[in-house]
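**Student:** The following file, entry_5.cif, comprises mmCIF, C-alpha atoms:
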data_protein
#
loop_
_atom_site.label_atom_id
_atom_site.label_comp_id
_atom_site.auth_asym_id
_atom_site.auth_seq_id
_atom_site.Cartn_x
_atom_site.Cartn_y
_atom_site.Cartn_z
CA MET X 25 154.90 203.79 36.87
CA THR X 26 158.32 204.96 35.91
CA ASP X 27 160.62 206.96 38.07
CA THR X 28 164.29 207.59 38.09
CA ALA X 29 166.61 205.68 40.32
CA THR X 30 168.80 207.49 42.72
CA ASN X 31 172.15 208.10 41.15
CA PRO X 32 173.74 204.70 41.89
CA PHE X 33 177.13 206.20 42.61
CA ASP X 34 178.27 209.77 42.60
CA ASP X 35 181.93 208.84 42.87
CA PHE X 36 182.74 207.23 39.53
CA GLN X 37 186.39 207.89 38.92
CA PRO X 38 187.14 210.07 35.85
CA HIS X 39 189.12 208.40 33.10
CA SER X 40 190.63 209.31 29.75
CA HIS X 41 189.50 206.21 27.86
CA THR X 42 187.06 206.18 24.95
CA PRO X 43 183.50 206.28 26.38
CA GLY X 44 181.77 202.94 25.98
CA SER X 45 185.02 201.01 25.57
CA ALA X 46 186.10 197.97 27.56
CA ARG X 47 188.95 199.96 29.14
CA ALA X 48 186.50 202.64 30.26
CA ALA X 49 184.32 200.04 32.01
CA LEU X 50 187.36 198.56 33.77
CA ALA X 51 188.17 202.01 35.16
CA SER X 52 185.35 201.42 37.69
CA PRO X 53 186.76 199.61 40.77
CA ARG X 54 183.37 198.04 41.56
CA PHE X 55 183.01 196.67 38.06
CA ARG X 56 186.56 195.28 38.15
CA LEU X 57 185.85 193.46 41.41
CA MET X 58 182.62 191.90 40.16
CA PHE X 59 184.14 191.10 36.78
CA THR X 60 187.12 189.31 38.32
CA GLY X 61 185.04 187.26 40.76
CA ALA X 62 182.52 186.29 38.10
CA PHE X 63 185.23 185.42 35.58
CA LEU X 64 186.94 183.00 37.96
CA SER X 65 183.61 181.46 38.90
CA ASN X 66 182.57 181.08 35.27
CA ILE X 67 185.75 179.16 34.46
CA GLY X 68 184.49 176.47 36.83
CA THR X 69 181.01 176.65 35.32
CA TRP X 70 182.32 176.01 31.82
CA MET X 71 184.54 173.20 33.05
CA GLN X 72 181.35 171.55 34.24
CA ASN X 73 179.39 172.53 31.11
CA VAL X 74 181.87 170.80 28.83
CA VAL X 75 182.37 167.72 31.03
CA LEU X 76 178.81 166.89 32.09
CA PRO X 77 177.14 166.66 28.61
CA ALA X 78 180.10 164.60 27.37
CA TYR X 79 179.77 162.35 30.44
CA ILE X 80 176.03 161.83 29.80
CA TYR X 81 176.61 161.17 26.08
CA HIS X 82 179.39 158.70 26.95
CA ARG X 83 177.12 156.77 29.31
CA THR X 84 173.99 156.80 27.11
CA GLY X 85 175.08 157.49 23.51
CA LYS X 86 171.89 159.51 22.95
CA ALA X 87 171.76 163.15 21.85
CA SER X 88 168.15 163.28 23.08
CA LEU X 89 169.29 162.65 26.66
CA VAL X 90 171.96 165.32 26.34
CA GLY X 91 169.18 167.65 25.20
CA LEU X 92 167.15 166.67 28.25
CA LEU X 93 170.15 167.48 30.47
CA ILE X 94 170.44 170.95 28.91
CA PHE X 95 166.71 171.42 29.49
CA ALA X 96 167.18 170.53 33.16
CA GLN X 97 169.89 173.21 33.37
CA LEU X 98 168.33 176.00 31.29
CA GLY X 99 164.62 175.12 31.32
CA PRO X 100 164.02 176.89 34.66
CA LEU X 101 164.77 180.17 32.86
CA LEU X 102 161.43 179.78 31.06
CA ILE X 103 159.45 179.51 34.31
CA LEU X 104 161.42 181.48 36.89
CA SER X 105 162.91 184.39 34.94
CA ILE X 106 159.85 186.63 35.27
CA PRO X 107 159.43 186.25 39.06
CA ALA X 108 163.22 186.58 39.38
CA GLY X 109 163.02 189.82 37.38
CA VAL X 110 160.37 191.19 39.76
CA ILE X 111 162.64 190.35 42.70
CA ALA X 112 165.58 192.05 40.97
CA ASP X 113 163.62 195.29 40.65
CA LYS X 114 162.07 195.29 44.13
CA PHE X 115 164.57 193.87 46.63
CA ASP X 116 168.21 194.09 47.67
CA ARG X 117 170.03 192.69 44.65
CA ARG X 118 173.29 192.07 46.48
CA LYS X 119 171.76 189.82 49.14
CA TRP X 120 169.66 188.05 46.55
CA LEU X 121 172.69 187.33 44.35
CA ILE X 122 174.60 185.85 47.28
CA VAL X 123 171.68 183.49 47.98
CA THR X 124 171.36 182.36 44.35
CA GLN X 125 175.10 181.79 43.99
CA THR X 126 175.07 179.69 47.17
CA VAL X 127 172.23 177.57 45.76
CA GLN X 128 174.27 176.86 42.62
CA LEU X 129 177.33 176.03 44.73
CA PHE X 130 175.38 173.44 46.74
CA PHE X 131 173.91 171.54 43.80
CA SER X 132 177.19 171.63 41.86
CA LEU X 133 178.91 170.15 44.91
CA MET X 134 176.36 167.32 45.02
CA LEU X 135 177.36 166.26 41.50
CA PHE X 136 180.79 165.30 42.86
CA PRO X 137 179.82 162.17 44.85
CA LEU X 138 177.10 161.19 42.37
CA ALA X 139 179.45 161.14 39.38
CA ALA X 140 182.20 159.45 41.42
CA SER X 141 179.85 156.54 42.09
CA ASP X 142 178.27 156.51 38.59
CA ALA X 143 174.89 157.14 40.20
CA ALA X 144 171.62 156.91 38.31
CA ILE X 145 171.31 159.39 35.45
CA TRP X 146 168.11 160.87 36.88
CA LEU X 147 169.98 161.92 40.04
CA LEU X 148 172.51 163.83 37.94
CA PHE X 149 169.64 165.48 36.08
CA LEU X 150 168.05 166.45 39.39
CA MET X 151 171.23 168.13 40.64
CA GLN X 152 171.66 169.94 37.33
CA PHE X 153 168.06 171.10 37.61
CA GLY X 154 168.94 172.59 41.02
CA VAL X 155 171.85 174.45 39.44
CA GLY X 156 169.45 175.66 36.74
CA VAL X 157 166.97 176.98 39.29
CA GLY X 158 169.72 178.94 41.03
CA ASN X 159 170.90 180.33 37.69
CA ALA X 160 167.38 181.32 36.62
CA LEU X 161 166.83 183.21 39.88
CA ASN X 162 170.27 184.82 39.58
CA ALA X 163 170.40 185.93 35.93
CA PRO X 164 167.99 188.93 35.83
CA ALA X 165 169.41 190.44 39.05
CA TRP X 166 172.98 190.02 37.79
CA SER X 167 172.30 191.65 34.43
CA ALA X 168 170.24 194.43 36.00
CA SER X 169 173.11 195.17 38.41
CA LEU X 170 175.79 195.32 35.73
CA PRO X 171 174.84 198.76 34.28
CA THR X 172 174.87 200.34 37.75
CA LEU X 173 178.58 199.60 38.19
CA VAL X 174 179.70 201.94 35.41
CA PRO X 175 178.64 205.41 34.20
CA PRO X 176 175.86 205.29 31.57
CA GLN X 177 178.23 206.27 28.76
CA ASP X 178 180.39 203.20 29.49
CA LEU X 179 177.54 200.69 29.44
CA SER X 180 178.45 199.13 26.08
CA GLY X 181 181.97 198.40 27.33
CA ALA X 182 180.60 196.70 30.44
CA ILE X 183 178.24 194.54 28.37
CA ALA X 184 181.03 193.61 25.95
CA LEU X 185 183.24 192.60 28.87
CA ASN X 186 180.42 190.57 30.38
CA SER X 187 180.15 188.68 27.10
CA THR X 188 183.92 188.22 27.12
CA LEU X 189 183.66 186.92 30.70
CA ILE X 190 181.20 184.25 29.63
CA ASN X 191 183.10 183.20 26.54
CA GLY X 192 186.61 183.70 27.86
CA SER X 193 185.76 181.27 30.62
CA ARG X 194 184.24 179.04 27.94
CA VAL X 195 187.71 178.92 26.39
CA ILE X 196 189.77 178.53 29.57
CA GLY X 197 187.45 175.97 31.16
CA PRO X 198 187.76 173.36 28.37
CA ILE X 199 191.52 173.97 28.11
CA ILE X 200 191.90 173.28 31.83
CA VAL X 201 189.76 170.16 31.40
CA ALA X 202 191.93 168.96 28.50
CA VAL X 203 195.17 169.52 30.42
CA LEU X 204 194.01 168.12 33.75
CA SER X 205 192.33 165.11 32.13
CA ALA X 206 195.72 164.13 30.74
CA TRP X 207 197.04 164.28 34.31
CA GLY X 208 194.36 161.92 35.58
CA VAL X 209 191.74 164.30 36.99
CA THR X 210 188.35 162.56 36.88
CA THR X 211 184.94 163.84 35.82
CA SER X 212 183.68 163.99 39.40
CA GLN X 213 186.70 166.01 40.52
CA PHE X 214 185.91 168.66 37.90
CA PHE X 215 182.49 169.06 39.50
CA LEU X 216 184.15 169.61 42.87
CA MET X 217 186.43 172.26 41.35
CA ASN X 218 183.43 174.06 39.89
CA ALA X 219 181.67 174.16 43.26
CA VAL X 220 184.72 175.78 44.84
CA THR X 221 184.88 178.52 42.19
CA TYR X 222 181.50 179.90 43.27
CA LEU X 223 183.31 181.24 46.33
CA PHE X 224 185.07 183.81 44.12
CA VAL X 225 181.89 185.54 43.03
CA ILE X 226 180.30 185.22 46.49
CA GLY X 227 183.40 186.88 47.95
CA ALA X 228 183.18 189.71 45.41
CA LEU X 229 179.50 190.26 46.21
CA MET X 230 180.25 190.46 49.93
CA ARG X 231 182.80 193.22 49.28
CA VAL X 232 181.05 195.31 46.62
CA GLN X 233 178.38 197.94 47.14
CA LEU X 234 175.37 197.83 44.83
CA PRO X 235 173.06 200.85 44.56
CA VAL X 236 169.60 200.89 46.11
CA LEU X 237 167.06 202.01 43.51
CA GLN X 238 164.10 204.16 44.40
CA LYS X 239 160.98 202.13 44.91
CA ILE X 240 158.74 202.01 41.86
CA ALA X 241 154.99 202.28 42.16
CA SER X 242 153.78 198.83 43.10
CA GLU X 243 151.57 197.23 40.47
CA PRO X 244 148.71 195.13 41.82
CA GLY X 245 148.83 191.36 41.66
CA TRP X 246 149.66 189.76 38.34
CA ARG X 247 150.70 193.08 36.79
CA GLN X 248 153.96 192.85 38.72
CA PHE X 249 154.82 189.83 36.57
CA THR X 250 153.59 191.23 33.26
CA ALA X 251 155.29 194.64 33.49
CA GLY X 252 158.19 193.43 31.33
CA LEU X 253 155.78 192.10 28.71
CA LYS X 254 153.97 195.45 28.69
CA ILE X 255 157.24 197.31 28.07
CA ALA X 256 158.19 194.93 25.26
CA ARG X 257 154.76 195.19 23.67
CA GLU X 258 154.79 198.99 23.71
CA ARG X 259 158.33 199.40 22.30
CA THR X 260 158.70 197.90 18.86
CA GLU X 261 162.49 197.69 18.89
CA ILE X 262 162.54 195.77 22.19
CA ASN X 263 159.82 193.46 20.94
CA ARG X 264 161.73 192.72 17.75
CA LEU X 265 165.01 192.10 19.57
CA LEU X 266 163.37 189.62 21.96
CA ILE X 267 161.49 187.74 19.23
CA SER X 268 164.63 187.58 17.08
CA LEU X 269 166.66 186.22 19.99
CA ALA X 270 164.02 183.63 20.97
CA THR X 271 163.67 182.21 17.47
CA PHE X 272 167.43 182.38 16.86
CA SER X 273 168.01 180.40 20.06
CA PHE X 274 165.42 177.79 19.12
CA PHE X 275 166.25 177.19 15.46
CA SER X 276 169.92 178.19 15.14
CA LEU X 277 171.57 177.33 18.46
CA PRO X 278 170.70 173.68 19.22
CA TYR X 279 174.27 172.78 18.27
CA VAL X 280 175.52 174.56 21.42
CA GLY X 281 173.89 172.12 23.82
CA LEU X 282 174.28 169.15 21.47
CA PHE X 283 177.95 169.83 20.75
CA PRO X 284 179.12 166.31 21.73
CA ALA X 285 176.74 164.72 19.24
CA VAL X 286 177.62 167.17 16.45
CA ALA X 287 181.35 166.61 17.00
CA SER X 288 180.94 162.83 16.96
CA LEU X 289 178.55 162.50 14.03
CA ASN X 290 179.90 165.24 11.73
CA PHE X 291 183.62 165.27 12.40
CA GLY X 292 184.35 161.86 13.94
CA ILE X 293 185.59 163.47 17.18
CA ASP X 294 185.00 161.38 20.30
CA GLU X 295 183.35 163.40 23.07
CA GLY X 296 185.83 162.07 25.61
CA ALA X 297 188.95 162.87 23.61
CA PRO X 298 191.14 165.95 24.26
CA VAL X 299 190.52 167.15 20.70
CA TYR X 300 186.84 167.59 21.59
CA LYS X 301 187.76 169.95 24.45
CA TRP X 302 190.09 171.89 22.14
CA LEU X 303 187.36 172.23 19.51
CA TYR X 304 184.94 173.52 22.12
CA ALA X 305 187.60 175.93 23.39
CA THR X 306 188.34 177.17 19.86
CA TRP X 307 184.67 177.93 19.27
CA GLY X 308 184.54 179.62 22.70
CA LEU X 309 187.62 181.70 21.86
CA GLY X 310 185.86 182.99 18.77
CA ALA X 311 182.80 183.85 20.86
CA ALA X 312 184.95 185.67 23.43
CA LEU X 313 186.66 187.72 20.73
CA GLY X 314 183.31 188.47 19.09
CA GLY X 315 181.89 189.86 22.32
CA LEU X 316 185.07 191.79 23.15
CA ALA X 317 185.20 193.36 19.67
CA ILE X 318 181.92 195.18 20.37
CA GLY X 319 183.62 197.11 23.18
CA THR X 320 186.94 197.64 21.37
CA ILE X 321 187.16 197.53 17.58
CA PHE X 322 183.47 198.34 17.05
CA VAL X 323 182.96 200.61 20.05
CA LYS X 324 181.88 203.52 17.82
CA ALA X 325 180.05 201.43 15.22
CA ASP X 326 176.26 201.40 14.90
CA LYS X 327 175.25 198.27 16.81
CA ARG X 328 172.01 198.09 14.84
CA ARG X 329 173.94 197.39 11.65
CA ILE X 330 176.27 194.96 13.41
CA ILE X 331 173.23 192.87 14.35
CA GLN X 332 172.23 192.44 10.71
CA TYR X 333 175.75 191.74 9.50
CA GLY X 334 176.22 189.40 12.45
CA PHE X 335 173.19 187.26 11.63
CA ALA X 336 174.28 187.03 8.00
CA SER X 337 177.83 186.05 8.98
CA PHE X 338 176.51 183.49 11.45
CA ALA X 339 174.33 181.94 8.72
CA VAL X 340 177.31 181.53 6.40
CA CYS X 341 179.53 180.09 9.14
CA LEU X 342 176.90 177.66 10.41
CA PHE X 343 176.31 176.40 6.88
CA PHE X 344 180.00 175.63 6.41
CA PHE X 345 180.13 174.13 9.92
CA ALA X 346 177.29 171.84 8.83
CA ILE X 347 179.02 170.60 5.68
CA ALA X 348 182.50 170.34 7.20
CA ARG X 349 183.71 166.73 7.40
CA THR X 350 187.13 166.86 9.02
CA PRO X 351 188.34 168.10 12.40
CA ILE X 352 190.59 170.76 10.83
CA GLN X 353 187.64 172.20 8.91
CA ALA X 354 185.57 172.16 12.10
CA PHE X 355 188.27 174.06 14.01
CA ILE X 356 188.60 176.78 11.38
CA VAL X 357 184.89 177.35 10.78
CA GLY X 358 184.00 176.91 14.47
CA PHE X 359 186.27 179.81 15.42
CA PHE X 360 184.50 182.21 13.05
CA LEU X 361 181.11 180.79 14.02
CA GLY X 362 181.85 181.78 17.63
CA ILE X 363 182.80 185.32 16.58
CA ALA X 364 179.54 185.82 14.66
CA TYR X 365 177.46 184.23 17.42
CA PHE X 366 178.49 186.45 20.31
CA GLY X 367 179.27 189.58 18.33
CA THR X 368 175.62 189.54 17.28
CA THR X 369 174.06 188.77 20.66
CA THR X 370 176.32 191.26 22.48
CA SER X 371 175.20 194.01 20.11
CA MET X 372 171.58 193.05 20.72
CA MET X 373 172.00 193.22 24.50
CA THR X 374 173.81 196.57 24.24
CA ILE X 375 170.89 198.15 22.39
CA LEU X 376 168.35 196.57 24.73
CA GLN X 377 170.06 197.66 27.96
CA SER X 378 170.73 201.19 26.69
CA ARG X 379 167.02 201.76 26.08
CA LEU X 380 165.79 200.71 29.52
CA ALA X 381 165.49 202.72 32.71
CA PRO X 382 167.26 201.26 35.78
CA ASN X 383 164.00 200.17 37.39
CA GLU X 384 162.83 198.45 34.19
CA ARG X 385 165.90 196.34 33.58
CA GLY X 386 165.19 193.44 35.94
CA ARG X 387 161.86 192.54 34.39
CA VAL X 388 162.84 193.10 30.77
CA MET X 389 166.12 191.23 31.22
CA ALA X 390 164.02 188.36 32.57
CA LEU X 391 162.43 188.19 29.12
CA TRP X 392 165.91 188.32 27.57
CA PHE X 393 167.00 185.25 29.52
CA MET X 394 163.77 183.45 28.69
CA ALA X 395 164.42 184.19 25.01
CA PHE X 396 168.13 183.30 25.14
CA GLY X 397 168.85 180.64 27.73
CA GLY X 398 165.28 179.43 28.12
CA THR X 399 164.58 178.75 24.45
CA VAL X 400 167.86 176.92 23.75
CA PRO X 401 166.84 173.82 25.78
CA LEU X 402 163.51 173.66 23.95
CA GLY X 403 165.46 173.51 20.71
CA ASN X 404 167.62 170.77 22.19
CA LEU X 405 164.56 168.75 23.18
CA VAL X 406 163.07 169.07 19.71
CA PHE X 407 166.21 168.59 17.62
CA GLY X 408 168.04 166.08 19.82
CA PRO X 409 165.82 163.17 18.63
CA VAL X 410 166.08 164.49 15.06
CA ILE X 411 169.88 164.25 15.30
CA ASP X 412 169.60 160.75 16.77
CA HIS X 413 167.59 159.57 13.76
CA PHE X 414 168.84 161.68 10.83
CA GLY X 415 172.17 163.16 11.90
CA ALA X 416 173.21 166.73 12.69
CA ARG X 417 173.93 168.17 9.24
CA TRP X 418 170.41 169.16 8.19
CA VAL X 419 169.58 170.56 11.64
CA LEU X 420 172.55 172.93 11.31
CA ILE X 421 171.64 173.92 7.75
CA GLY X 422 168.09 174.73 8.88
CA GLY X 423 169.53 176.94 11.63
CA ALA X 424 171.67 178.74 9.06
CA ILE X 425 168.65 179.49 6.87
CA TRP X 426 166.77 180.93 9.85
CA ALA X 427 169.69 183.17 10.83
CA LEU X 428 169.76 184.51 7.28
CA LEU X 429 166.07 185.44 7.55
CA LEU X 430 166.79 187.26 10.81
CA ALA X 431 169.52 189.29 9.10
CA TRP X 432 166.69 190.82 7.05
CA TRP X 433 163.97 190.99 9.72
CA CYS X 434 165.90 192.26 12.77
CA ASN X 435 166.41 195.71 11.23
CA ILE X 436 166.33 197.98 14.28
CA GLN X 437 167.51 200.95 12.24
CA LEU X 438 164.39 200.70 10.07
CA VAL X 439 162.22 200.37 13.18
CA ASP X 440 163.75 203.54 14.63
CA THR X 441 163.29 205.43 11.35
CA ARG X 442 159.61 204.50 11.18
CA LYS X 443 159.12 205.53 14.80
CA GLU X 444 160.74 208.91 14.17
CA SER X 445 158.61 209.47 11.07
CA ALA X 446 155.43 208.59 12.98
CA SER X 447 156.31 211.00 15.81
CA GLN X 448 156.82 213.86 13.33
CA GLN X 449 153.43 213.41 11.69
#
Please re-express this file's structure in structure tokens.
**Tutor:**
Amino acid sequence: MTDTATNPFDDFQPHSHTPGSARAALASPRFRLMFTGAFLSNIGTWMQNVVLPAYIYHRTGKASLVGLLIFAQLGPLLILSIPAGVIADKFDRRKWLIVTQTVQLFFSLMLFPLAASDAAIWLLFLMQFGVGVGNALNAPAWSASLPTLVPPQDLSGAIALNSTLINGSRVIGPIIVAVLSAWGVTTSQFFLMNAVTYLFVIGALMRVQLPVLQKIASEPGWRQFTAGLKIARERTEINRLLISLATFSFFSLPYVGLFPAVASLNFGIDEGAPVYKWLYATWGLGAALGGLAIGTIFVKADKRRIIQYGFASFAVCLFFFAIARTPIQAFIVGFFLGIAYFGTTTSMMTILQSRLAPNERGRVMALWFMAFGGTVPLGNLVFGPVIDHFGARWVLIGGAIWALLLAWWCNIQLVDTRKESASQQ
């Protein structure tokens, strides 16, 4: 069932940068164009991501409803990622990405009049669900396209920059919100701004050329949807990475979606105050630097070891984030928590992507997004009511304990050693 894709581009420009570094990835004009468009669009996305949960928490005062909102946004990843992965491997990715970005633009735009009129909460959830559907259909195709924009040896730099894109915008978005809120910009106007920023990535997609992969042998019926599962089942290291990510997302990352409640209950920070946006931005800055470090400082390091050290560091940071009681403590620990969080997950994605053929990436990356984005809202649904009744501290400590277990279990180097020994027998 495997074949090799046609060489996506035969005209990659030579460069003198360290292979696999962030600078090497940026040497590709196509990657630069997509990176710039996506970065500007993601700034708007994170403006909305920091404003909307805080708006819902302000109106309802319930962490459980914030968790339900996050499920409306990310839950579609659980259902739609696999069919979206099949589409990513079988059809024109460029056209498909333009469609999915347009879908997200439309539903984000609809949030503008609804929030301006303080419409019913369920209508806001419905619009956010529409954004989530567009994102779920978009994510596998986007991640499968990323490696084709750079030479294979520069893949780790491209992945590190993609992580920086997500988290750099996570920093800039809340800062813009904090500044513009002081100038009188309303919640609904932030939603309008986000809708407009989708035009940046749509414009980049209309200008860039994406490679057309050779057609793979068509699997009959349901096997088209289970091909990614088959690959994961047959390759132990991929299986372990996906299981580690899914359980990490469920047990250790509920604080991401429930950030307003954690900030309010643990640190006494009001979700509507500027200090909340700055705390979120500080954590996001750490995450951006953690992802970027994989393609710069640690470009030559063994990513398998970084995963283990990353989980252990995350466990320590989350524990201290749980017991912190003042805003200054939260700012300091939150910064390092962000570094450990995305340094670890970026290393995991680098290993995963580097071990997949071009025509396998769409379907396996669908499983990645189910494990990452899709499992987080389930954790929010489960732990949101727990936080409402018992507070956030013990939920965070439980997540720290689980991350520490993963530091031992997600040992890809040991998996590779056992595989090599078995092949030699």
**Student:** Using only C-alpha atoms, find the one residue out of X:Val155, X:Ala364, X:Ala446, X:Val299 that sits nearest to Val203 of chain X.
**Tutor:**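 Selected residue with least distance to Val203 of chain X: X:Val299.
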**Student:** Taking into account all atoms listed in the file, which residue in the set X:Thr221, X:Ser276, X:Thr399, X:Asn73 is nearest to Cys341 of chain X?
**Tutor:** X:Ser276
**Student:** Let me know the residues the PyMOL selection byres ((chain X and resi 223) around 10) catches in the file above, as a list in words.
**Tutor:**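 Written out, the selection comes to Gly61, Ala62, Leu64, Ser65, Ile122, Gln125, Thr126, Leu129, Asn218, Ala219, Val220, Thr221, Tyr222, Phe224, Val225, Ile226, Gly227, Ala228 and Leu229 of chain X.
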**Student:** Pull C-alpha atoms from the residues just selected and write them as an mmCIF file, keeping the file's coordinate frame.
**Tutor:**
data_model
loop_
_atom_site.group_PDB
_atom_site.id
_atom_site.type_symbol
_atom_site.label_atom_id
_atom_site.label_comp_id
_atom_site.auth_asym_id
_atom_site.auth_seq_id
_atom_site.Cartn_x
_atom_site.Cartn_y
_atom_site.Cartn_z
ATOM 1 C CA GLY X 61 185.040 187.260 40.760
ATOM 2 C CA ALA X 62 182.520 186.290 38.100
ATOM 3 C CA LEU X 64 186.940 183.000 37.960
ATOM 4 C CA SER X 65 183.610 181.460 38.900
ATOM 5 C CA ILE X 122 174.600 185.850 47.280
ATOM 6 C CA GLN X 125 175.100 181.790 43.990
ATOM 7 C CA THR X 126 175.070 179.690 47.170
ATOM 8 C CA LEU X 129 177.330 176.030 44.730
ATOM 9 C CA ASN X 218 183.430 174.060 39.890
ATOM 10 C CA ALA X 219 181.670 174.160 43.260
ATOM 11 C CA VAL X 220 184.720 175.780 44.840
ATOM 12 C CA THR X 221 184.880 178.520 42.190
ATOM 13 C CA TYR X 222 181.500 179.900 43.270
ATOM 14 C CA PHE X 224 185.070 183.810 44.120
ATOM 15 C CA VAL X 225 181.890 185.540 43.030
ATOM 16 C CA ILE X 226 180.300 185.220 46.490
ATOM 17 C CA GLY X 227 183.400 186.880 47.950
ATOM 18 C CA ALA X 228 183.180 189.710 45.410
ATOM 19 C CA LEU X 229 179.500 190.260 46.210
#
**Student:** When distances are computed from only C-alpha atoms, which of X:Pro278, X:Gly208, X:Gly415, X:Gly362 shows the smallest separation from Ile94 of chain X?
**Tutor:**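 Smallest separation from Ile94 of chain X among the options: X:Pro278.
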**Student:** List the neighbours of Gly252 of chain X out to 8 Å using only C-alpha atoms; skip same-chain residues closer than 4 positions along the sequence, and give me the result as JSON, numbers by chain.
**Tutor:** {"X": [256, 384, 387, 388, 390, 391]}
**Student:** Just want the 6 Å neighbourhood of segment 326-330 of chain X, counted on all atoms listed in the file, with same-chain residues fewer than 2 positions away dropped. Output as a ChimeraX atom specification.
**Tutor:** /X:332-334,371,436-437
**Student:** Those residues you just picked out, can you put them in a file as an mmCIF file, in the frame of the given file with C-alpha atoms?
**Tutor:**
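Here's the written file part00.cif:
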data_model
loop_
_atom_site.group_PDB
_atom_site.id
_atom_site.type_symbol
_atom_site.label_atom_id
_atom_site.label_comp_id
_atom_site.auth_asym_id
_atom_site.auth_seq_id
_atom_site.Cartn_x
_atom_site.Cartn_y
_atom_site.Cartn_z
ATOM 1 C CA GLN X 332 172.230 192.440 10.710
ATOM 2 C CA TYR X 333 175.750 191.740 9.500
ATOM 3 C CA GLY X 334 176.220 189.400 12.450
ATOM 4 C CA SER X 371 175.200 194.010 20.110
ATOM 5 C CA ILE X 436 166.330 197.980 14.280
ATOM 6 C CA GLN X 437 167.510 200.950 12.240
#
**Student:** Written as a list in words, which residues does the PyMOL selection byres ((chain X and resi 306) around 10) give for the file shown?
**Tutor:** Arg194, Val195, Ile196, Pro198, Ile199, Tyr300, Lys301, Trp302, Leu303, Tyr304, Ala305, Trp307, Gly308, Leu309, Gly310, Ala311, Ala312, Ala354, Phe355, Ile356, Val357, Gly358, Phe359, Phe360, Leu361 and Gly362 of chain X
**Student:** May I have the residues from that selection written out with C-alpha atoms, as a compact mmCIF listing (two decimals), in the coordinates of the input?
**Tutor:**
# COMPACT_ATOMS: atom_id res chain seq x y z
CA ARG X 194 184.24 179.04 27.94
CA VAL X 195 187.71 178.92 26.39
CA ILE X 196 189.77 178.53 29.57
CA PRO X 198 187.76 173.36 28.37
CA ILE X 199 191.52 173.97 28.11
CA TYR X 300 186.84 167.59 21.59
CA LYS X 301 187.76 169.95 24.45
CA TRP X 302 190.09 171.89 22.14
CA LEU X 303 187.36 172.23 19.51
CA TYR X 304 184.94 173.52 22.12
CA ALA X 305 187.60 175.93 23.39
CA TRP X 307 184.67 177.93 19.27
CA GLY X 308 184.54 179.62 22.70
CA LEU X 309 187.62 181.70 21.86
CA GLY X 310 185.86 182.99 18.77
CA ALA X 311 182.80 183.85 20.86
CA ALA X 312 184.95 185.67 23.43
CA ALA X 354 185.57 172.16 12.10
CA PHE X 355 188.27 174.06 14.01
CA ILE X 356 188.60 176.78 11.38
CA VAL X 357 184.89 177.35 10.78
CA GLY X 358 184.00 176.91 14.47
CA PHE X 359 186.27 179.81 15.42
CA PHE X 360 184.50 182.21 13.05
CA LEU X 361 181.11 180.79 14.02
CA GLY X 362 181.85 181.78 17.63
**Student:** Care to translate the PyMOL selection byres ((chain X and resi 411) around 12) into actual residues of this file, as a ChimeraX atom specification?
**Tutor:** /X:85-91,278-279,282-290,403-410,412-420
**Student:** Figure out the distance between atom CA of Leu170 of chain X and atom CA of Leu185 of chain X, please, to one decimal in Å.
**Tutor:**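 Distance reported for this atom pair: 10.5 Å.
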**Student:** For Trp392 of chain X, which residue out of X:Lys119, X:Arg83, X:Arg264, X:Arg231 is the nearest one, using all atoms listed in the file?
**Tutor:**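 For Trp392 of chain X, the nearest of the candidates is X:Arg264.
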**Student:** Take atom CA of Ala49 of chain X and atom CA of Met373 of chain X and report the distance between them in Å, one decimal.
**Tutor:**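 These atoms are spaced 16.0 Å apart.
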**Student:** Tell me which of X:Leu101, X:Leu179, X:Leu148, X:Leu376 sits closest to Ile80 of chain X, counting all atoms listed in the file.
**Tutor:**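 Checking each of X:Leu101, X:Leu179, X:Leu148, X:Leu376 against Ile80 of chain X, counting all atoms listed in the file, the winner is X:Leu148.
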